[in-house]
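Beneath this line is the structure, given in structure tokens, with notes to follow.
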Amino acid sequence: MTTKNAPLQQWTDEVAALTKPDKIHWCDGSEAEYNQLVEQMLVTGDLLKLRAATYPHCYLHRSDPSDVARVEHLTYVCSENEEDAGPNNNWMDPSEAHQKINKLFDGCMQGRTMYVVPYCMGPIKSPYARCGVEITDSAYVVINMRLMTRMGQAALDRIEREGQFVRGLHSIGDLDPERRFIMHFPEELSIQSFGSGYGGNALLGKKCHALRIASWQGHREGWLAEHMLIVEVESPEGEKHYLAAAFPSACGKTNLAMLIPPKSYKGWKVRTLGDDIAWLHLDATGRLRAINPESGYFGVVPGTNEKTNRNAYEMIRHDTIFTNVGVTSDNEPWWEDKQDGEPATDWQGRPYAAANGPAAHPNSRFTVSAAQNPGYSPLADDPGGVPISAIIFGGRRREVAPLVYQSKDWKHGVLVGAGVASETTAAAAGQIGVTRRDPMAMKPFCGYNFADYWSHWLSFAEKSESLPKIFHVNWFRQDSDGNFLWPGFGDNLRVLRWIIDRCEGRSGATETAIGYLPSPGDIDISGLDLEPSTMEALLNLDKEQWRQEMQEIGKYLEAYGSRLPQELLEQQRAVLKDLG
Ligand code: SAT
Ligand code: MN
């Protein structure tokens, strides 16, 4: 197969001349192609078949032990002008970057097959969707891309019709961490990734395209590409609301997107539109509409069980690719907190021994088609997306941030988003558990200067009168002994309910310096075994801690220098003043 699109044909010819593959395979995205690649990877050992009786069509991939997470220190935004990338990104001059990475790509596909993977981010017929082509020498990447995106012939047809696509070139190279780079060239709409096979580094449709490149495009074109889940909440009366929520990686986005209502919430329904990324556009009436550019989930496995996420637990019982989990003696996948079976082998294929650490890597992942989710909303395929009632920001904070609060208005909400901080997790290489600023949960993903990004967010206030309300939540608040105060999981619906009621003007709140806080009685905790003092602690506003927090946020913002929108600093100063 080849293509009628001359620039695409020319680019693939150039890449082939550089990388010198043995074979070229244009992916059509069919099931037959998927099955054939799986068969081939079972032979090479890149995949291991899991127990077919209980996990039909499920496979395990073990990555190189040095290649298990995103590598932010090796990820670059190579814009012409360094200022456009901003202090939030590593920057390299584009010509220097090309030179450096071209050397690595030279001849790297000898003895390998070069796969050409056309894909569409978003429903194929959506005006909001965008296409890309990833060229890769990894069959693992191809089968993941088929689950995660609308991949193959239909995407190629759209590319040939529109003539526009993001160019992603990927090679696993020799997996040497010293020869690893993830580079973005936003002006060229291109991505080059070398030396890693891990999700966010290698499945280029995801963080590289749908966040870094797309955020750059959104800035220029008037829309937003965000690290947000999209969820539908339906009340027993049939009232539906769509919420978009941003949390840093591995802070429970997938669980919130797939929430199962608590037993006492009869008649409530929660459906998933997306678990990681949202593209937000204003429609003709000024409503903010969201599409999920992806069509599959790449979720954290450890901790998934019937209680924490029943839908996910069921969803990954068939047709799933597991990466870096353990295996039981009867060949079922195993992970910490699975609450079923025992590990015989760990994620590196060694006999399991507690002294070697967990059986499943803490950032082990499942890849699965979104349609397998029992709570899947067919609206995820609607070309027009869904209207968003509320935007929710959150982080993992032991203290300071209360369970929930509402921003005073959109512009103050931009400050709330810009002030997001979280304790680091295993999703990125580096130390775990240190608090870092992660504005809008986009620190690793915003493809341009955060100062310009906040200006872009602020500008929406002038564009529409019917913007969503903005909230902040923290499911992770702890007491002084390190116990979580809030039960979390399904019970988070109680907080979403308060949020929806606020959007509808139905529930109470107290105006404070940081925004609108519910009083303990405003959140329904019926049937929960929570002391009134716990609820008070969850909703407590410690002024001294908050003065410190706001001062830190101010310092953080000021580091963005003259590009920082003054309006954002004014918002910060107003809060500080109100704190007294
Ligand atoms: O970056 S990944 O997409 O691989 C996972 C995450 O950090 O959200
Ligand atoms: Mn993510």
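Every chain in the structure tokens takes a letter, A first, then B, and so on in the order presented; its residues are numbered from 1, and the ligands are numbered from 1 following the presented order.
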
Selection as number ranges by chain: residues within 12 Å of ligand 2 by only C-alpha atoms and all ligand atoms: A: 69-70, 199-201, 206-208, 210-211, 226-229, 245-254, 274-278, 294, 297-300, 363, 365, 425-428, 440-445

DSSP on the backbone: which residues in region 425-469 of chain A end up as helix (DSSP H, G or I)? Give the answer as a PDB file with N, CA, C and O atoms, in the first residue's frame.
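Wrote result_30.pdb, looks like this:
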ATOM      1  N   PRO A 439       0.582  23.060  37.142  1.00  0.00           N
ATOM      2  CA  PRO A 439      -0.557  23.857  36.695  1.00  0.00           C
ATOM      3  C   PRO A 439      -1.465  23.102  35.723  1.00  0.00           C
ATOM      4  O   PRO A 439      -0.977  22.493  34.776  1.00  0.00           O
ATOM      5  N   MET A 440      -2.751  23.127  36.000  1.00  0.00           N
ATOM      6  CA  MET A 440      -3.754  22.460  35.178  1.00  0.00           C
ATOM      7  C   MET A 440      -3.370  20.985  34.904  1.00  0.00           C
ATOM      8  O   MET A 440      -3.826  20.388  33.922  1.00  0.00           O
ATOM      9  N   ALA A 441      -2.502  20.412  35.760  1.00  0.00           N
ATOM     10  CA  ALA A 441      -1.972  19.046  35.529  1.00  0.00           C
ATOM     11  C   ALA A 441      -1.305  18.935  34.166  1.00  0.00           C
ATOM     12  O   ALA A 441      -1.235  17.858  33.569  1.00  0.00           O
ATOM     13  N   PHE A 450       3.949  28.473  29.512  1.00  0.00           N
ATOM     14  CA  PHE A 450       2.808  28.516  30.437  1.00  0.00           C
ATOM     15  C   PHE A 450       2.223  29.919  30.565  1.00  0.00           C
ATOM     16  O   PHE A 450       1.012  30.079  30.746  1.00  0.00           O
ATOM     17  N   ALA A 451       3.066  30.941  30.482  1.00  0.00           N
ATOM     18  CA  ALA A 451       2.557  32.315  30.615  1.00  0.00           C
ATOM     19  C   ALA A 451       1.554  32.595  29.494  1.00  0.00           C
ATOM     20  O   ALA A 451       0.466  33.153  29.730  1.00  0.00           O
ATOM     21  N   ASP A 452       1.882  32.172  28.272  1.00  0.00           N
ATOM     22  CA  ASP A 452       0.965  32.360  27.140  1.00  0.00           C
ATOM     23  C   ASP A 452      -0.277  31.475  27.299  1.00  0.00           C
ATOM     24  O   ASP A 452      -1.378  31.849  26.901  1.00  0.00           O
ATOM     25  N   TYR A 453      -0.038  30.314  27.874  1.00  0.00           N
ATOM     26  CA  TYR A 453      -1.145  29.359  28.103  1.00  0.00           C
ATOM     27  C   TYR A 453      -2.162  29.969  29.070  1.00  0.00           C
ATOM     28  O   TYR A 453      -3.370  29.907  28.844  1.00  0.00           O
ATOM     29  N   TRP A 454      -1.688  30.605  30.155  1.00  0.00           N
ATOM     30  CA  TRP A 454      -2.637  31.215  31.101  1.00  0.00           C
ATOM     31  C   TRP A 454      -3.347  32.403  30.451  1.00  0.00           C
ATOM     32  O   TRP A 454      -4.536  32.614  30.693  1.00  0.00           O
ATOM     33  N   SER A 455      -2.641  33.165  29.629  1.00  0.00           N
ATOM     34  CA  SER A 455      -3.318  34.265  28.907  1.00  0.00           C
ATOM     35  C   SER A 455      -4.426  33.696  28.036  1.00  0.00           C
ATOM     36  O   SER A 455      -5.521  34.263  27.939  1.00  0.00           O
ATOM     37  N   HIS A 456      -4.109  32.581  27.368  1.00  0.00           N
ATOM     38  CA  HIS A 456      -5.098  31.941  26.498  1.00  0.00           C
ATOM     39  C   HIS A 456      -6.322  31.507  27.310  1.00  0.00           C
ATOM     40  O   HIS A 456      -7.470  31.783  26.937  1.00  0.00           O
ATOM     41  N   TRP A 457      -6.092  30.866  28.451  1.00  0.00           N
ATOM     42  CA  TRP A 457      -7.202  30.475  29.328  1.00  0.00           C
ATOM     43  C   TRP A 457      -8.017  31.704  29.747  1.00  0.00           C
ATOM     44  O   TRP A 457      -9.247  31.694  29.694  1.00  0.00           O
ATOM     45  N   LEU A 458      -7.316  32.770  30.181  1.00  0.00           N
ATOM     46  CA  LEU A 458      -8.022  33.970  30.650  1.00  0.00           C
ATOM     47  C   LEU A 458      -8.882  34.565  29.541  1.00  0.00           C
ATOM     48  O   LEU A 458      -9.974  35.080  29.783  1.00  0.00           O
ATOM     49  N   SER A 459      -8.394  34.476  28.295  1.00  0.00           N
ATOM     50  CA  SER A 459      -9.088  35.130  27.179  1.00  0.00           C
ATOM     51  C   SER A 459     -10.483  34.556  26.941  1.00  0.00           C
ATOM     52  O   SER A 459     -11.336  35.211  26.348  1.00  0.00           O
ATOM     53  N   PHE A 460     -10.745  33.346  27.429  1.00  0.00           N
ATOM     54  CA  PHE A 460     -12.070  32.762  27.224  1.00  0.00           C
ATOM     55  C   PHE A 460     -13.155  33.575  27.944  1.00  0.00           C
ATOM     56  O   PHE A 460     -14.304  33.573  27.530  1.00  0.00           O
ATOM     57  N   ALA A 461     -12.758  34.264  29.024  1.00  0.00           N
ATOM     58  CA  ALA A 461     -13.750  35.055  29.778  1.00  0.00           C
ATOM     59  C   ALA A 461     -14.392  36.110  28.882  1.00  0.00           C
ATOM     60  O   ALA A 461     -15.560  36.472  29.066  1.00  0.00           O
ATOM     61  N   GLU A 462     -13.642  36.592  27.915  1.00  0.00           N
ATOM     62  CA  GLU A 462     -14.181  37.624  27.013  1.00  0.00           C
ATOM     63  C   GLU A 462     -14.953  37.015  25.841  1.00  0.00           C
ATOM     64  O   GLU A 462     -15.645  37.714  25.126  1.00  0.00           O
ATOM     65  N   LYS A 463     -14.786  35.711  25.651  1.00  0.00           N
ATOM     66  CA  LYS A 463     -15.368  35.092  24.452  1.00  0.00           C
ATOM     67  C   LYS A 463     -16.752  34.505  24.685  1.00  0.00           C
ATOM     68  O   LYS A 463     -17.452  34.183  23.732  1.00  0.00           O
TER      69      LYS A 463
END

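Counting from CA of Leu415 (chain A), the distance to CA of Arg547 (chain A) is 14.7 Å.
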
From the DSSP assignment of the backbone, select every residue of region 322-440 of chain A that is strand (DSSP E or B), and format the answer as a PyMOL selection string. chain A and resi 322-323+326-327+333-334+345+351+365-369+376+386-387+390-394+404-406+421-423+428+435-437

Which residues of region 114-205 of chain A come within 8 Å of region 71-81 of chain A, and what is each one's closest atom pair and distance in Å (one decimal), counting only C-alpha atoms, sorted by chain and residue number, as a tab-separated table?
residue	atom	partner	partner_atom	distance
A:Arg180	CA	A:Leu74	CA	6.8
A:Phe181	CA	A:Leu74	CA	5.2
A:Ile182	CA	A:Thr75	CA	4.6
A:Met183	CA	A:Tyr76	CA	4.8
A:His184	CA	A:Val77	CA	4.8
A:Phe185	CA	A:Cys78	CA	5.0
A:Pro186	CA	A:Ser79	CA	6.2
A:Glu187	CA	A:Ser79	CA	6.6
A:Asn201	CA	A:Val71	CA	7.4

Considering only C-alpha atoms and all ligand atoms, state which residue in the set A:Met148, A:Leu539, A:Ala312, A:Met109 is at the smallest distance from ligand 1. A:Met148

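For the atom pair formed by CA of Val68 (chain A) and CA of Ala429 (chain A), the distance is 7.9 Å, given to one decimal.
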
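Distance-wise, CA of Ile291 (chain A) and CA of Trp279 (chain A) end up 5.4 Å apart.
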
List the spatial neighbours of Lys307 (chain A) as a PyMOL selection string - criterion: any atom at most 10 Å away, only C-alpha atoms, same-chain residues fewer than 3 positions off excluded. chain A and resi 260+303-304+310-311+313+338-339+489-490

Could you give me, as a PyMOL selection string, the residues within 9 Å of Ser369 (chain A), counting only C-alpha atoms and dropping anything in the same chain fewer than 3 positions from it? chain A and resi 146-149+295-297+315+319-320+372-373

So, counting only C-alpha atoms, which residue among A:Arg150, A:Ile321, A:Arg436, A:Arg287 is closest to Val38 (chain A)? A:Ile321

All residues 8 Å or closer to Gly205 (chain A), only C-alpha atoms, same chain fewer than 6 positions away omitted, as number ranges by chain: A: 119, 121, 132, 134, 145, 149

Export of prior selection with all heavy atoms as a PDB file, in the first residue's frame:
ATOM      1  N   TYR A 119      -3.499   7.709  11.870  1.00  0.00           N
ATOM      2  CA  TYR A 119      -4.467   7.673  12.967  1.00  0.00           C
ATOM      3  C   TYR A 119      -5.239   8.985  13.021  1.00  0.00           C
ATOM      4  O   TYR A 119      -4.798  10.007  12.492  1.00  0.00           O
ATOM      5  CB  TYR A 119      -3.770   7.406  14.312  1.00  0.00           C
ATOM      6  CG  TYR A 119      -2.782   8.487  14.711  1.00  0.00           C
ATOM      7  CD1 TYR A 119      -3.210   9.638  15.392  1.00  0.00           C
ATOM      8  CD2 TYR A 119      -1.424   8.384  14.394  1.00  0.00           C
ATOM      9  CE1 TYR A 119      -2.319  10.633  15.751  1.00  0.00           C
ATOM     10  CE2 TYR A 119      -0.527   9.383  14.742  1.00  0.00           C
ATOM     11  CZ  TYR A 119      -0.983  10.505  15.418  1.00  0.00           C
ATOM     12  OH  TYR A 119      -0.095  11.498  15.763  1.00  0.00           O
ATOM     13  N   MET A 121      -7.151  11.512  15.850  1.00  0.00           N
ATOM     14  CA  MET A 121      -7.447  11.826  17.242  1.00  0.00           C
ATOM     15  C   MET A 121      -8.827  12.484  17.269  1.00  0.00           C
ATOM     16  O   MET A 121      -8.998  13.603  16.792  1.00  0.00           O
ATOM     17  CB  MET A 121      -6.387  12.753  17.839  1.00  0.00           C
ATOM     18  CG  MET A 121      -4.957  12.192  17.830  1.00  0.00           C
ATOM     19  SD  MET A 121      -4.769  10.501  18.434  1.00  0.00           S
ATOM     20  CE  MET A 121      -5.048  10.690  20.186  1.00  0.00           C
ATOM     21  N   GLY A 132      -2.925  12.232  12.343  1.00  0.00           N
ATOM     22  CA  GLY A 132      -1.474  12.139  12.390  1.00  0.00           C
ATOM     23  C   GLY A 132      -1.034  10.850  11.727  1.00  0.00           C
ATOM     24  O   GLY A 132      -1.860   9.972  11.437  1.00  0.00           O
ATOM     25  N   GLU A 134       2.059   8.040  12.519  1.00  0.00           N
ATOM     26  CA  GLU A 134       3.251   7.655  13.268  1.00  0.00           C
ATOM     27  C   GLU A 134       3.998   6.585  12.487  1.00  0.00           C
ATOM     28  O   GLU A 134       3.426   5.564  12.105  1.00  0.00           O
ATOM     29  CB  GLU A 134       2.893   7.115  14.671  1.00  0.00           C
ATOM     30  CG  GLU A 134       4.149   6.584  15.389  1.00  0.00           C
ATOM     31  CD  GLU A 134       3.975   6.338  16.893  1.00  0.00           C
ATOM     32  OE1 GLU A 134       2.897   6.629  17.451  1.00  0.00           O
ATOM     33  OE2 GLU A 134       4.958   5.853  17.500  1.00  0.00           O
ATOM     34  N   MET A 145      -1.495   1.450  19.427  1.00  0.00           N
ATOM     35  CA  MET A 145      -2.123   2.562  18.703  1.00  0.00           C
ATOM     36  C   MET A 145      -3.494   2.145  18.167  1.00  0.00           C
ATOM     37  O   MET A 145      -4.409   2.954  18.068  1.00  0.00           O
ATOM     38  CB  MET A 145      -1.227   3.039  17.547  1.00  0.00           C
ATOM     39  CG  MET A 145      -0.033   3.878  17.982  1.00  0.00           C
ATOM     40  SD  MET A 145      -0.469   5.487  18.693  1.00  0.00           S
ATOM     41  CE  MET A 145      -0.826   6.442  17.214  1.00  0.00           C
ATOM     42  N   THR A 149      -6.319   4.687  19.455  1.00  0.00           N
ATOM     43  CA  THR A 149      -6.748   5.720  18.496  1.00  0.00           C
ATOM     44  C   THR A 149      -7.601   5.082  17.400  1.00  0.00           C
ATOM     45  O   THR A 149      -7.670   3.857  17.281  1.00  0.00           O
ATOM     46  CB  THR A 149      -5.539   6.393  17.800  1.00  0.00           C
ATOM     47  OG1 THR A 149      -4.944   5.448  16.891  1.00  0.00           O
ATOM     48  CG2 THR A 149      -4.480   6.847  18.795  1.00  0.00           C
TER      49      THR A 149
END

Residues near Leu156 (chain A), cut-off 9 Å, only C-alpha atoms, skip fewer than 3 positions along chain, as a PyMOL selection string: chain A and resi 3+28+117-120+131-133+151-153+159-161

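Restricting the calculation to only C-alpha atoms and all ligand atoms, the smallest distance between ligand 1 and any of A:Asp578, A:Asp67, A:Asp176, A:Glu531 is found for A:Asp67.
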
I need the residue nearest Glu332 (chain A) from this list: A:Ser562, A:Ser519, A:Gln10, A:Thr54. Use only C-alpha atoms for the distance. A:Thr54

Nearest candidate to Gly168 (chain A) (options A:Glu232, A:Trp11, A:Thr323, A:Ala225; using only C-alpha atoms): A:Trp11

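The nearest approach to Val231 (chain A) among the residues A:Thr2, A:Gln431, A:Asn305, A:Ser377, with only C-alpha atoms taken into account, belongs to A:Ser377.
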